[in-house]
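Printed here is start_1.tsv (TSV, C-alpha atoms (C1' of nucleotides)):
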```tsv
chain	number	residue	atom	x	y	z
X	608	MET	CA	-37.46	53.65	48.91
X	609	PRO	CA	-36.11	57.01	47.75
X	610	GLU	CA	-34.53	59.41	50.18
X	611	ALA	CA	-37.00	61.72	51.89
X	612	LYS	CA	-37.03	65.47	51.37
X	613	ARG	CA	-34.74	67.05	53.89
X	614	PRO	CA	-32.69	70.17	54.60
X	615	ASP	CA	-29.01	70.23	53.64
X	616	LEU	CA	-26.78	68.22	55.96
X	617	ALA	CA	-24.92	71.29	57.16
X	618	ALA	CA	-28.19	73.10	57.75
X	619	MET	CA	-29.20	70.36	60.19
X	620	MET	CA	-25.81	69.66	61.72
X	621	ALA	CA	-24.77	73.23	62.46
X	622	PRO	CA	-27.85	74.25	64.51
X	623	LEU	CA	-27.80	70.91	66.33
X	624	ALA	CA	-24.14	71.35	67.20
X	625	ARG	CA	-24.86	74.85	68.44
X	626	ALA	CA	-27.76	73.64	70.57
X	627	LEU	CA	-25.72	70.82	72.05
X	628	THR	CA	-22.90	73.20	72.85
X	629	ALA	CA	-25.28	75.68	74.42
X	630	ALA	CA	-26.80	72.92	76.54
X	631	GLU	CA	-23.35	71.94	77.78
X	632	LEU	CA	-22.46	75.42	78.96
X	633	PRO	CA	-24.44	75.43	82.22
X	634	VAL	CA	-23.01	72.00	83.07
X	635	LEU	CA	-19.46	73.18	82.48
X	636	GLU	CA	-20.09	76.35	84.46
X	637	ARG	CA	-21.04	74.26	87.47
X	638	HIS	CA	-17.56	72.78	87.29
X	639	ASP	CA	-15.92	76.13	86.58
X	640	LEU	CA	-14.86	74.95	83.15
X	641	THR	CA	-14.93	76.73	79.83
X	642	MET	CA	-15.49	74.83	76.62
X	643	TRP	CA	-11.77	75.01	75.91
X	644	GLY	CA	-10.88	73.98	79.44
X	645	TYR	CA	-13.07	70.91	79.07
X	646	ALA	CA	-11.57	70.21	75.65
X	647	VAL	CA	-8.09	70.32	77.19
X	648	LEU	CA	-9.03	67.92	79.98
X	649	LEU	CA	-10.51	65.54	77.41
X	650	GLY	CA	-7.52	65.99	75.11
X	651	LEU	CA	-5.12	64.89	77.83
X	652	GLY	CA	-7.01	61.61	78.03
X	653	ASP	CA	-5.20	58.80	79.76
X	654	GLN	CA	-1.90	59.17	78.01
X	655	PRO	CA	0.25	60.91	80.60
X	656	VAL	CA	2.00	63.60	78.55
X	657	TYR	CA	2.03	65.90	75.59
X	658	THR	CA	3.76	69.04	74.46
X	659	GLN	CA	1.47	72.05	74.39
X	660	ALA	CA	1.73	72.21	70.61
X	661	ALA	CA	0.71	68.56	70.25
X	662	LEU	CA	-2.14	69.06	72.67
X	663	ALA	CA	-3.36	72.10	70.77
X	664	LYS	CA	-3.25	70.17	67.51
X	665	ALA	CA	-5.09	67.22	69.04
X	666	ILE	CA	-8.02	69.37	70.07
X	667	ARG	CA	-7.81	71.37	66.86
X	668	ALA	CA	-6.98	74.66	68.57
X	669	ASP	CA	-4.34	77.26	67.89
X	670	LYS	CA	-1.31	76.86	70.17
X	671	THR	CA	-1.71	80.46	71.29
X	672	ARG	CA	-5.37	79.84	71.99
X	673	ILE	CA	-4.92	77.40	74.85
X	674	ILE	CA	-2.18	79.15	76.83
X	675	GLY	CA	-4.54	81.12	79.04
X	676	VAL	CA	-6.62	77.98	79.45
X	677	LEU	CA	-3.60	75.99	80.60
X	678	ASP	CA	-2.60	78.80	82.97
X	679	ASP	CA	-6.00	78.65	84.61
X	680	LEU	CA	-6.21	74.85	84.83
X	681	GLN	CA	-2.72	74.62	86.24
X	682	GLN	CA	-3.34	77.28	88.84
X	683	ARG	CA	-6.41	75.37	89.97
X	684	GLY	CA	-4.43	72.15	90.24
X	685	LEU	CA	-6.25	70.29	87.47
X	686	ILE	CA	-3.20	69.86	85.25
X	687	ARG	CA	0.57	69.94	85.59
X	688	ARG	CA	3.13	71.50	83.26
X	689	ASP	CA	6.48	69.90	83.93
X	690	PRO	CA	9.63	70.96	82.10
X	691	ASP	CA	10.84	68.20	79.80
X	692	PRO	CA	14.33	67.22	81.04
X	693	ALA	CA	15.25	66.11	77.52
X	694	ASP	CA	14.23	69.40	75.85
X	695	ARG	CA	14.06	72.39	78.13
X	696	ARG	CA	11.90	74.29	75.62
X	697	ALA	CA	9.00	71.89	76.01
X	698	ARG	CA	6.43	71.46	78.78
X	699	LEU	CA	4.94	68.05	79.48
X	700	VAL	CA	1.27	68.51	80.22
X	701	SER	CA	-0.61	65.96	82.29
X	702	LEU	CA	-3.84	65.56	84.25
X	703	THR	CA	-3.72	65.61	88.03
X	704	PRO	CA	-6.03	63.26	89.95
X	705	ALA	CA	-8.23	66.29	90.65
X	706	GLY	CA	-8.28	67.08	86.94
X	707	ARG	CA	-9.31	63.54	86.12
X	708	THR	CA	-12.10	63.66	88.68
X	709	THR	CA	-13.38	66.99	87.41
X	710	ARG	CA	-13.26	65.79	83.83
X	711	ASP	CA	-15.14	62.59	84.61
X	712	ARG	CA	-17.81	64.33	86.66
X	713	ALA	CA	-18.39	66.95	84.00
X	714	GLN	CA	-18.53	64.34	81.28
X	715	ARG	CA	-21.03	62.25	83.22
X	716	GLU	CA	-23.36	65.25	83.48
X	717	ILE	CA	-22.90	66.08	79.84
X	718	ARG	CA	-23.87	62.56	78.88
X	719	GLU	CA	-27.00	62.89	81.00
X	720	GLN	CA	-27.74	66.14	79.19
X	721	GLU	CA	-27.41	64.40	75.86
X	722	GLU	CA	-30.02	61.88	76.95
X	723	ILE	CA	-32.66	64.59	76.74
X	724	LEU	CA	-32.04	64.85	73.03
X	725	LEU	CA	-31.35	61.19	72.28
X	726	ALA	CA	-34.43	60.03	74.16
X	727	GLN	CA	-36.46	61.05	71.14
X	728	LEU	CA	-35.01	58.20	69.10
X	729	PRO	CA	-36.17	54.58	69.34
X	730	ALA	CA	-33.44	52.39	70.84
X	731	ALA	CA	-32.58	50.64	67.59
X	732	ASP	CA	-32.43	53.85	65.57
X	733	ARG	CA	-30.42	55.47	68.27
X	734	ARG	CA	-27.70	52.86	68.15
X	735	THR	CA	-27.48	53.14	64.37
X	736	PHE	CA	-27.45	56.92	64.53
X	737	LEU	CA	-24.61	57.05	67.02
X	738	ARG	CA	-22.62	54.45	65.11
X	739	CYS	CA	-22.99	56.41	61.87
X	740	LEU	CA	-22.17	59.69	63.54
X	741	GLN	CA	-19.01	58.19	64.98
X	742	THR	CA	-18.05	56.77	61.58
X	743	LEU	CA	-18.46	60.11	59.85
X	744	TRP	CA	-16.70	61.96	62.63
X	745	ALA	CA	-13.74	59.56	62.63
X	746	SER	CA	-13.30	59.65	58.86
X	747	ASN	CA	-13.33	63.40	59.07
X	748	THR	CA	-10.95	63.98	61.96
X	749	ASP	CA	-8.43	61.69	60.30
X	750	ARG	CA	-8.09	64.19	57.47
X	751	PRO	CA	-4.74	65.96	57.03
X	752	ASP	CA	-6.46	69.37	56.99
S	210	MET	CA	-26.08	45.45	73.63
S	211	PRO	CA	-24.71	48.40	75.58
S	212	GLU	CA	-23.84	51.65	73.90
S	213	ALA	CA	-20.30	51.72	72.54
S	214	LYS	CA	-17.63	54.06	73.84
S	215	ARG	CA	-17.81	57.30	71.93
S	216	PRO	CA	-16.90	60.98	72.12
S	217	ASP	CA	-19.47	63.46	73.40
S	218	LEU	CA	-22.22	64.28	70.95
S	219	ALA	CA	-21.18	67.89	70.63
S	220	ALA	CA	-17.57	66.84	70.12
S	221	MET	CA	-18.63	64.85	67.07
S	222	MET	CA	-21.31	67.17	65.76
S	223	ALA	CA	-19.37	70.43	65.90
S	224	PRO	CA	-16.34	69.32	63.85
S	225	LEU	CA	-18.61	67.56	61.37
S	226	ALA	CA	-20.72	70.67	60.96
S	227	ARG	CA	-17.59	72.74	60.44
S	228	ALA	CA	-16.27	70.29	57.85
S	229	LEU	CA	-19.56	70.24	55.98
S	230	THR	CA	-19.70	74.02	56.00
S	231	ALA	CA	-16.12	74.26	54.77
S	232	ALA	CA	-16.88	71.80	51.97
S	233	GLU	CA	-19.83	73.93	50.88
S	234	LEU	CA	-17.81	77.12	50.58
S	235	PRO	CA	-16.14	76.39	47.22
S	236	VAL	CA	-19.50	75.37	45.79
S	237	LEU	CA	-21.13	78.57	46.96
S	238	GLU	CA	-18.23	80.64	45.67
S	239	ARG	CA	-18.80	79.23	42.21
S	240	HIS	CA	-22.27	80.74	42.40
S	241	ASP	CA	-21.03	83.97	44.00
S	242	LEU	CA	-22.93	83.21	47.15
S	243	THR	CA	-21.90	83.60	50.75
S	244	MET	CA	-23.18	81.23	53.40
S	245	TRP	CA	-25.65	83.89	54.51
S	246	GLY	CA	-26.67	84.64	50.94
S	247	TYR	CA	-27.44	80.97	50.42
S	248	ALA	CA	-29.30	80.85	53.72
S	249	VAL	CA	-31.44	83.78	52.60
S	250	LEU	CA	-32.28	82.15	49.26
S	251	LEU	CA	-33.24	78.96	51.11
S	252	GLY	CA	-35.18	80.92	53.72
S	253	LEU	CA	-37.34	82.52	51.07
S	254	GLY	CA	-38.39	79.04	49.99
S	255	ASP	CA	-41.50	78.90	47.86
S	256	GLN	CA	-43.65	81.12	49.98
S	257	PRO	CA	-43.62	84.40	48.09
S	258	VAL	CA	-43.07	86.97	50.81
S	259	TYR	CA	-41.73	87.88	54.20
S	260	THR	CA	-40.73	90.94	56.14
S	261	GLN	CA	-37.00	91.24	56.64
S	262	ALA	CA	-37.41	90.69	60.36
S	263	ALA	CA	-39.39	87.49	59.82
S	264	LEU	CA	-36.85	86.28	57.28
S	265	ALA	CA	-33.99	86.95	59.68
S	266	LYS	CA	-35.78	85.05	62.42
S	267	ALA	CA	-36.52	82.13	60.12
S	268	ILE	CA	-32.87	81.64	59.29
S	269	ARG	CA	-31.84	82.39	62.87
S	270	ALA	CA	-29.87	85.51	62.00
S	271	ASP	CA	-29.83	88.95	63.50
S	272	LYS	CA	-32.02	91.38	61.54
S	273	THR	CA	-29.05	93.72	61.19
S	274	ARG	CA	-26.91	90.85	60.01
S	275	ILE	CA	-28.71	90.21	56.74
S	276	ILE	CA	-29.14	93.76	55.49
S	277	GLY	CA	-25.90	93.82	53.54
S	278	VAL	CA	-26.71	90.35	52.25
S	279	LEU	CA	-30.10	91.50	50.99
S	280	ASP	CA	-28.53	94.58	49.41
S	281	ASP	CA	-26.15	92.38	47.45
S	282	LEU	CA	-28.72	89.80	46.39
S	283	GLN	CA	-31.16	92.49	45.30
S	284	GLN	CA	-28.54	94.35	43.29
S	285	ARG	CA	-27.73	91.12	41.47
S	286	GLY	CA	-31.38	90.51	40.70
S	287	LEU	CA	-31.75	87.37	42.78
S	288	ILE	CA	-34.35	88.79	45.16
S	289	ARG	CA	-36.82	91.64	45.23
S	290	ARG	CA	-37.65	94.01	48.07
S	291	ASP	CA	-41.06	95.53	47.40
S	292	PRO	CA	-42.61	98.08	49.72
S	293	ASP	CA	-45.64	96.62	51.44
S	294	PRO	CA	-48.63	98.76	50.38
S	295	ALA	CA	-50.40	97.87	53.63
S	296	ASP	CA	-47.49	98.88	55.91
S	297	ARG	CA	-45.03	101.30	54.41
S	298	ARG	CA	-42.41	100.42	57.02
S	299	ALA	CA	-42.09	96.86	55.79
S	300	ARG	CA	-40.39	95.36	52.74
S	301	LEU	CA	-41.76	92.22	51.14
S	302	VAL	CA	-38.85	90.04	50.17
S	303	SER	CA	-39.21	87.47	47.41
S	304	LEU	CA	-37.12	85.31	45.10
S	305	THR	CA	-36.82	86.28	41.46
S	306	PRO	CA	-36.77	83.50	38.86
S	307	ALA	CA	-33.00	84.03	38.62
S	308	GLY	CA	-32.74	83.69	42.38
S	309	ARG	CA	-34.68	80.46	42.31
S	310	THR	CA	-32.45	79.06	39.58
S	311	THR	CA	-29.28	80.03	41.42
S	312	ARG	CA	-30.57	78.54	44.64
S	313	ASP	CA	-31.55	75.26	43.00
S	314	ARG	CA	-28.27	74.90	41.14
S	315	ALA	CA	-26.22	75.62	44.24
S	316	GLN	CA	-28.28	73.20	46.28
S	317	ARG	CA	-27.90	70.45	43.72
S	318	GLU	CA	-24.11	70.78	43.88
S	319	ILE	CA	-24.18	70.87	47.65
S	320	ARG	CA	-26.16	67.65	47.72
S	321	GLU	CA	-23.57	66.08	45.43
S	322	GLN	CA	-20.88	67.27	47.80
S	323	GLU	CA	-22.69	65.62	50.70
S	324	GLU	CA	-22.61	62.32	48.87
S	325	ILE	CA	-18.85	62.15	49.41
S	326	LEU	CA	-19.46	61.97	53.13
S	327	LEU	CA	-22.63	59.90	53.12
S	328	ALA	CA	-21.17	57.33	50.73
S	329	GLN	CA	-19.33	55.88	53.72
S	330	LEU	CA	-22.57	54.62	55.21
S	331	PRO	CA	-24.36	51.44	54.08
S	332	ALA	CA	-27.66	52.30	52.41
S	333	ALA	CA	-29.84	51.06	55.26
S	334	ASP	CA	-27.81	52.84	57.94
S	335	ARG	CA	-27.77	55.95	55.86
S	336	ARG	CA	-31.54	56.15	55.68
S	337	THR	CA	-31.82	55.68	59.43
S	338	PHE	CA	-29.11	58.22	60.09
S	339	LEU	CA	-30.73	60.90	57.97
S	340	ARG	CA	-34.14	60.21	59.45
S	341	CYS	CA	-32.78	60.53	62.98
S	342	LEU	CA	-30.83	63.64	62.15
S	343	GLN	CA	-33.93	65.25	60.73
S	344	THR	CA	-35.94	64.27	63.81
S	345	LEU	CA	-33.41	65.79	66.19
S	346	TRP	CA	-33.02	68.88	64.05
S	347	ALA	CA	-36.78	69.44	63.80
S	348	SER	CA	-37.36	69.01	67.52
S	349	ASN	CA	-34.62	71.49	68.14
S	350	THR	CA	-35.58	74.21	65.68
S	351	ASP	CA	-39.10	74.16	67.05
S	352	ARG	CA	-37.78	75.45	70.37
S	353	PRO	CA	-38.79	78.93	71.54
S	354	ASP	CA	-35.10	79.83	72.04
I	197	DT	C1'	-45.62	104.09	72.40
I	198	DA	C1'	-44.14	100.28	69.41
I	199	DT	C1'	-42.13	98.46	65.17
I	200	DT	C1'	-39.44	98.26	60.46
I	201	DG	C1'	-35.38	98.95	58.36
I	202	DT	C1'	-30.97	101.02	58.84
I	203	DT	C1'	-26.31	102.65	60.46
I	204	DA	C1'	-22.65	102.96	63.68
I	205	DT	C1'	-20.45	101.17	67.66
I	206	DA	C1'	-18.67	97.74	70.75
I	207	DC	C1'	-17.57	93.20	71.87
I	208	DT	C1'	-16.01	88.34	71.31
I	209	DC	C1'	-13.35	85.10	69.27
I	210	DT	C1'	-9.62	83.76	66.52
I	211	DA	C1'	-5.55	84.03	63.87
I	212	DT	C1'	-0.96	86.58	62.80
I	213	DA	C1'	3.24	88.52	63.88
I	214	DA	C1'	6.84	89.25	66.85
I	215	DC	C1'	9.76	88.01	70.96
I	216	DT	C1'	12.63	84.64	74.28
I	217	DA	C1'	14.82	80.69	75.25
I	218	DT	C1'	16.39	76.77	73.89
I	219	DA	C1'	18.06	73.31	70.29
A	200	DT	C1'	18.27	77.96	61.37
A	201	DA	C1'	14.47	76.02	63.47
A	202	DT	C1'	11.17	75.06	67.26
A	203	DA	C1'	8.38	75.55	72.07
A	204	DG	C1'	6.14	78.65	74.57
A	205	DT	C1'	4.61	83.27	75.16
A	206	DT	C1'	2.71	88.03	74.38
A	207	DA	C1'	0.66	91.71	71.82
A	208	DT	C1'	-1.72	93.09	67.81
A	209	DA	C1'	-4.95	92.88	64.11
A	210	DG	C1'	-8.75	90.79	61.85
A	211	DA	C1'	-13.45	88.55	61.11
A	212	DG	C1'	-17.84	87.90	62.74
A	213	DT	C1'	-21.48	89.09	65.71
A	214	DA	C1'	-24.46	91.50	68.70
A	215	DT	C1'	-25.96	96.14	70.93
A	216	DA	C1'	-27.39	100.71	70.81
A	217	DA	C1'	-29.17	104.52	68.48
A	218	DC	C1'	-31.71	106.63	64.64
A	219	DA	C1'	-35.48	107.92	61.06
A	220	DA	C1'	-39.82	106.64	59.19
A	221	DT	C1'	-44.19	104.81	59.93
A	222	DA	C1'	-47.90	102.69	62.54
```
Show the structure stored in the file as structure tokens.
Amino acid sequence: MPEAKRPDLAAMMAPLARALTAAELPVLERHDLTMWGYAVLLGLGDQPVYTQAALAKAIRADKTRIIGVLDDLQQRGLIRRDPDPADRRARLVSLTPAGRTTRDRAQREIREQEEILLAQLPAADRRTFLRCLQTLWASNTDRPD
Amino acid sequence: MPEAKRPDLAAMMAPLARALTAAELPVLERHDLTMWGYAVLLGLGDQPVYTQAALAKAIRADKTRIIGVLDDLQQRGLIRRDPDPADRRARLVSLTPAGRTTRDRAQREIREQEEILLAQLPAADRRTFLRCLQTLWASNTDRPD
DNA sequence: TATTGTTATACTCTATAACTATA
DNA sequence: TATAGTTATAGAGTATAACAATA
């Protein structure tokens, strides 16, 4: 069976990504999070620490880009920035319990939001689709850049 | 089988879309096309005409956004802008044969570029993935906005 | 009055350069 | 000298407002 006629990959991916992002915005707003704020909370994951530069790199942002974001999250008690005793230039960034809670709640709602889109796919297709998407995404984010 | 742990949809889609777009750029440059120029050539499709406003809407661009793009494409003989005899405000935009050739060549190379990414997927998965992607994309672009 | 195409302006987002304090 | 964090500036991309011509 030959491949069906279809738009270019980027022509499908880019609008879909935009739509997904737009759909997330109201959810994030309910938790007083910006897209970058949410990205930071996700980027901190469960590993306890990071330097700001490493964190920025992990979420593919400029190091200057996230400073205001960190300021805001810290002031609201969602993250901590502790001076590294071993290198007084660096700040160790970590999630507070409140930050973890906020992150998890926001993510749960975002996953529910995604269901609206994914519900269009039959269960078997859906599993394959997500597996493929994750494969492509992983192979891409591994790149040196 | 429960769904595997995975990043948020948008967190996978957005970087992938960016990577795909970035990979297209060198191809488009070889044909002296910008992303918007390519989008315009694709938007003109095989239907002969449009008004500029309708074309802009079809490719989800601002009507003011594409004016410079149309100027450039017209000057290079890839499109035509004919005054509509029925409504002298409107311009009927159409592809010239040269425009069609350029569009088809660029698209062929872009499809080859996509193969690098898609080659990671087993043939069966790949077909399902593309079918799903097209389904989600179509349901989304149908939206009123 | 509404609409097409256009230009000029303002705004948002991002990257670049420059500074400080440490190493 | 090199690096972490920071600030201020400049750039790209986009949308908004305003205009002339036509309906």
### Message
List as a list of chain:residue names the residues having at least one atom at most 7 Å from position (7.1, 69.0, 77.8) as given in the file, counting all atoms listed in the file.
### Response
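The residues near that point, listed by chain and number, are X:Tyr657, X:Thr658, X:Asp689, X:Pro690, X:Asp691, X:Ala697, X:Arg698, X:Leu699, X:Val700.
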### Task
Return as a PyMOL selection string the residues belonging to chain I that are within 12 Å of chain S, counting all atoms listed in the file.
chain I and resi 199-204
Overlay target chain S, mobile chain X, all C-alpha paired in order, as a CSV table (one decimal) with C-alpha atoms, in the coordinates of the input:
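Final output, out-v1.csv:
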```csv
chain,number,residue,atom,x,y,z
X,608,MET,CA,-26.1,45.4,73.6
X,609,PRO,CA,-24.7,48.3,75.6
X,610,GLU,CA,-23.8,51.6,73.9
X,611,ALA,CA,-20.3,51.7,72.5
X,612,LYS,CA,-17.6,54.0,73.8
X,613,ARG,CA,-17.8,57.2,71.9
X,614,PRO,CA,-16.9,60.9,72.1
X,615,ASP,CA,-19.4,63.4,73.4
X,616,LEU,CA,-22.2,64.2,70.9
X,617,ALA,CA,-21.1,67.8,70.6
X,618,ALA,CA,-17.5,66.8,70.1
X,619,MET,CA,-18.6,64.8,67.1
X,620,MET,CA,-21.3,67.1,65.8
X,621,ALA,CA,-19.3,70.4,65.9
X,622,PRO,CA,-16.3,69.3,63.9
X,623,LEU,CA,-18.6,67.5,61.4
X,624,ALA,CA,-20.7,70.7,61.0
X,625,ARG,CA,-17.5,72.7,60.5
X,626,ALA,CA,-16.2,70.3,57.8
X,627,LEU,CA,-19.5,70.2,56.0
X,628,THR,CA,-19.7,74.0,56.0
X,629,ALA,CA,-16.1,74.2,54.8
X,630,ALA,CA,-16.8,71.8,52.0
X,631,GLU,CA,-19.8,73.9,50.9
X,632,LEU,CA,-17.8,77.1,50.6
X,633,PRO,CA,-16.1,76.4,47.2
X,634,VAL,CA,-19.5,75.4,45.8
X,635,LEU,CA,-21.1,78.6,47.0
X,636,GLU,CA,-18.2,80.6,45.7
X,637,ARG,CA,-18.8,79.3,42.2
X,638,HIS,CA,-22.2,80.8,42.4
X,639,ASP,CA,-21.0,84.0,44.0
X,640,LEU,CA,-22.9,83.2,47.2
X,641,THR,CA,-21.9,83.6,50.8
X,642,MET,CA,-23.2,81.3,53.4
X,643,TRP,CA,-25.7,83.9,54.5
X,644,GLY,CA,-26.7,84.7,50.9
X,645,TYR,CA,-27.4,81.0,50.4
X,646,ALA,CA,-29.3,80.9,53.7
X,647,VAL,CA,-31.5,83.8,52.6
X,648,LEU,CA,-32.3,82.1,49.3
X,649,LEU,CA,-33.2,79.0,51.1
X,650,GLY,CA,-35.2,80.9,53.7
X,651,LEU,CA,-37.4,82.5,51.1
X,652,GLY,CA,-38.4,79.0,50.0
X,653,ASP,CA,-41.5,78.9,47.9
X,654,GLN,CA,-43.7,81.1,50.0
X,655,PRO,CA,-43.6,84.4,48.0
X,656,VAL,CA,-43.1,87.0,50.8
X,657,TYR,CA,-41.7,87.9,54.2
X,658,THR,CA,-40.7,90.9,56.1
X,659,GLN,CA,-37.0,91.2,56.6
X,660,ALA,CA,-37.4,90.7,60.4
X,661,ALA,CA,-39.4,87.5,59.8
X,662,LEU,CA,-36.9,86.3,57.3
X,663,ALA,CA,-34.0,87.0,59.7
X,664,LYS,CA,-35.8,85.1,62.4
X,665,ALA,CA,-36.5,82.1,60.1
X,666,ILE,CA,-32.9,81.6,59.3
X,667,ARG,CA,-31.9,82.4,62.9
X,668,ALA,CA,-29.9,85.5,62.0
X,669,ASP,CA,-29.9,89.0,63.5
X,670,LYS,CA,-32.0,91.4,61.5
X,671,THR,CA,-29.0,93.7,61.2
X,672,ARG,CA,-26.9,90.8,60.0
X,673,ILE,CA,-28.7,90.2,56.7
X,674,ILE,CA,-29.1,93.8,55.5
X,675,GLY,CA,-25.9,93.8,53.5
X,676,VAL,CA,-26.7,90.4,52.2
X,677,LEU,CA,-30.1,91.5,51.0
X,678,ASP,CA,-28.5,94.6,49.4
X,679,ASP,CA,-26.2,92.4,47.4
X,680,LEU,CA,-28.7,89.8,46.4
X,681,GLN,CA,-31.2,92.5,45.3
X,682,GLN,CA,-28.6,94.3,43.3
X,683,ARG,CA,-27.7,91.1,41.5
X,684,GLY,CA,-31.4,90.5,40.7
X,685,LEU,CA,-31.8,87.4,42.8
X,686,ILE,CA,-34.4,88.8,45.1
X,687,ARG,CA,-36.9,91.6,45.2
X,688,ARG,CA,-37.7,94.0,48.1
X,689,ASP,CA,-41.1,95.5,47.4
X,690,PRO,CA,-42.6,98.1,49.7
X,691,ASP,CA,-45.7,96.7,51.4
X,692,PRO,CA,-48.7,98.8,50.4
X,693,ALA,CA,-50.4,98.0,53.6
X,694,ASP,CA,-47.5,99.0,55.9
X,695,ARG,CA,-45.0,101.4,54.3
X,696,ARG,CA,-42.4,100.5,56.9
X,697,ALA,CA,-42.1,96.9,55.7
X,698,ARG,CA,-40.4,95.4,52.7
X,699,LEU,CA,-41.8,92.2,51.1
X,700,VAL,CA,-38.9,90.0,50.2
X,701,SER,CA,-39.2,87.5,47.4
X,702,LEU,CA,-37.1,85.3,45.1
X,703,THR,CA,-36.8,86.2,41.5
X,704,PRO,CA,-36.8,83.5,38.9
X,705,ALA,CA,-33.0,84.0,38.6
X,706,GLY,CA,-32.8,83.7,42.4
X,707,ARG,CA,-34.7,80.4,42.3
X,708,THR,CA,-32.4,79.0,39.6
X,709,THR,CA,-29.3,80.0,41.4
X,710,ARG,CA,-30.6,78.5,44.7
X,711,ASP,CA,-31.5,75.3,43.0
X,712,ARG,CA,-28.3,74.9,41.2
X,713,ALA,CA,-26.2,75.6,44.3
X,714,GLN,CA,-28.3,73.2,46.3
X,715,ARG,CA,-27.9,70.5,43.7
X,716,GLU,CA,-24.1,70.8,43.9
X,717,ILE,CA,-24.2,70.9,47.7
X,718,ARG,CA,-26.1,67.7,47.7
X,719,GLU,CA,-23.5,66.1,45.4
X,720,GLN,CA,-20.9,67.3,47.8
X,721,GLU,CA,-22.7,65.6,50.7
X,722,GLU,CA,-22.6,62.3,48.9
X,723,ILE,CA,-18.8,62.2,49.4
X,724,LEU,CA,-19.4,62.0,53.1
X,725,LEU,CA,-22.6,59.9,53.1
X,726,ALA,CA,-21.2,57.3,50.7
X,727,GLN,CA,-19.3,55.9,53.7
X,728,LEU,CA,-22.6,54.6,55.2
X,729,PRO,CA,-24.4,51.4,54.1
X,730,ALA,CA,-27.7,52.3,52.4
X,731,ALA,CA,-29.9,51.1,55.2
X,732,ASP,CA,-27.8,52.8,57.9
X,733,ARG,CA,-27.8,56.0,55.8
X,734,ARG,CA,-31.5,56.2,55.7
X,735,THR,CA,-31.8,55.7,59.4
X,736,PHE,CA,-29.1,58.2,60.1
X,737,LEU,CA,-30.7,60.9,58.0
X,738,ARG,CA,-34.1,60.2,59.5
X,739,CYS,CA,-32.8,60.5,63.0
X,740,LEU,CA,-30.8,63.6,62.2
X,741,GLN,CA,-33.9,65.3,60.7
X,742,THR,CA,-35.9,64.3,63.8
X,743,LEU,CA,-33.4,65.8,66.2
X,744,TRP,CA,-33.0,68.9,64.1
X,745,ALA,CA,-36.8,69.5,63.8
X,746,SER,CA,-37.3,69.0,67.6
X,747,ASN,CA,-34.6,71.5,68.2
X,748,THR,CA,-35.5,74.2,65.7
X,749,ASP,CA,-39.1,74.2,67.1
X,750,ARG,CA,-37.8,75.4,70.4
X,751,PRO,CA,-38.8,78.9,71.5
X,752,ASP,CA,-35.2,79.9,72.2
```
### Atom pair CA of Gln329 in chain S / CA of Thr742 in chain X: separation (Å)
8.0 Å
### Query
Counting all atoms listed in the file, which of S:Ala226, S:Arg274, S:Asp281, S:Glu323 gets nearest to chain A?
S:Arg274
### Query
By how many Å are CA of Leu740 in chain X and CA of Thr350 in chain S apart?
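Result for CA of Leu740 in chain X versus CA of Thr350 in chain S: 19.9 Å, one decimal.
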### Query
Any idea what the distance is between CA of Arg707 in chain X and CA of Gly652 in chain X?
8.6 Å
### Query
Hey, what's within 12 Å of Ala705 in chain X if we count only C-alpha atoms (C1' of nucleotides) and toss same-chain stuff fewer than 3 positions away? As a PyMOL selection string, please?
chain X and resi 638+648+680-681+683-687+701-702+708-712
Output C-alpha atoms for every residue in the selection just made, as a PDB file, in the coordinates of the input.
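Contents of the output file again-v2.pdb:
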```
ATOM      1  CA  HIS X 638     -17.560  72.780  87.290  1.00  0.00           C
ATOM      2  CA  LEU X 648      -9.030  67.920  79.980  1.00  0.00           C
ATOM      3  CA  LEU X 680      -6.210  74.850  84.830  1.00  0.00           C
ATOM      4  CA  GLN X 681      -2.720  74.620  86.240  1.00  0.00           C
ATOM      5  CA  ARG X 683      -6.410  75.370  89.970  1.00  0.00           C
ATOM      6  CA  GLY X 684      -4.430  72.150  90.240  1.00  0.00           C
ATOM      7  CA  LEU X 685      -6.250  70.290  87.470  1.00  0.00           C
ATOM      8  CA  ILE X 686      -3.200  69.860  85.250  1.00  0.00           C
ATOM      9  CA  ARG X 687       0.570  69.940  85.590  1.00  0.00           C
ATOM     10  CA  SER X 701      -0.610  65.960  82.290  1.00  0.00           C
ATOM     11  CA  LEU X 702      -3.840  65.560  84.250  1.00  0.00           C
ATOM     12  CA  THR X 708     -12.100  63.660  88.680  1.00  0.00           C
ATOM     13  CA  THR X 709     -13.380  66.990  87.410  1.00  0.00           C
ATOM     14  CA  ARG X 710     -13.260  65.790  83.830  1.00  0.00           C
ATOM     15  CA  ASP X 711     -15.140  62.590  84.610  1.00  0.00           C
ATOM     16  CA  ARG X 712     -17.810  64.330  86.660  1.00  0.00           C
TER      17      ARG X 712
END
```
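Nearest to Leu326 in chain S of all the residues X:Ala745, X:Ala661, X:Ala693, X:Leu737 is X:Ala745, counting all atoms listed in the file.
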### Message
Using all atoms listed in the file, which protein or nucleic acid residues come within 12 Å of DT208 in chain A? Drop anything in the same chain fewer than 2 positions from it, and give the result as a list in words.
### Response
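The contact residues come out as DA211, DT212, DA213 and DA214 of chain I; DT206 and DG210 of chain A.
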Show me, as a tab-separated table, the residues of chain A having an atom within 8 Å of chain S, each with the closest atom pair and its distance in Å, using all atoms listed in the file.
```
residue	atom	partner	partner_atom	distance
A:DA214	C1'	S:Asp271	CA	7.9
A:DA220	C1'	S:Arg298	CA	7.1
A:DT221	C1'	S:Arg298	CA	5.6
A:DA222	C1'	S:Asp296	CA	7.7
```
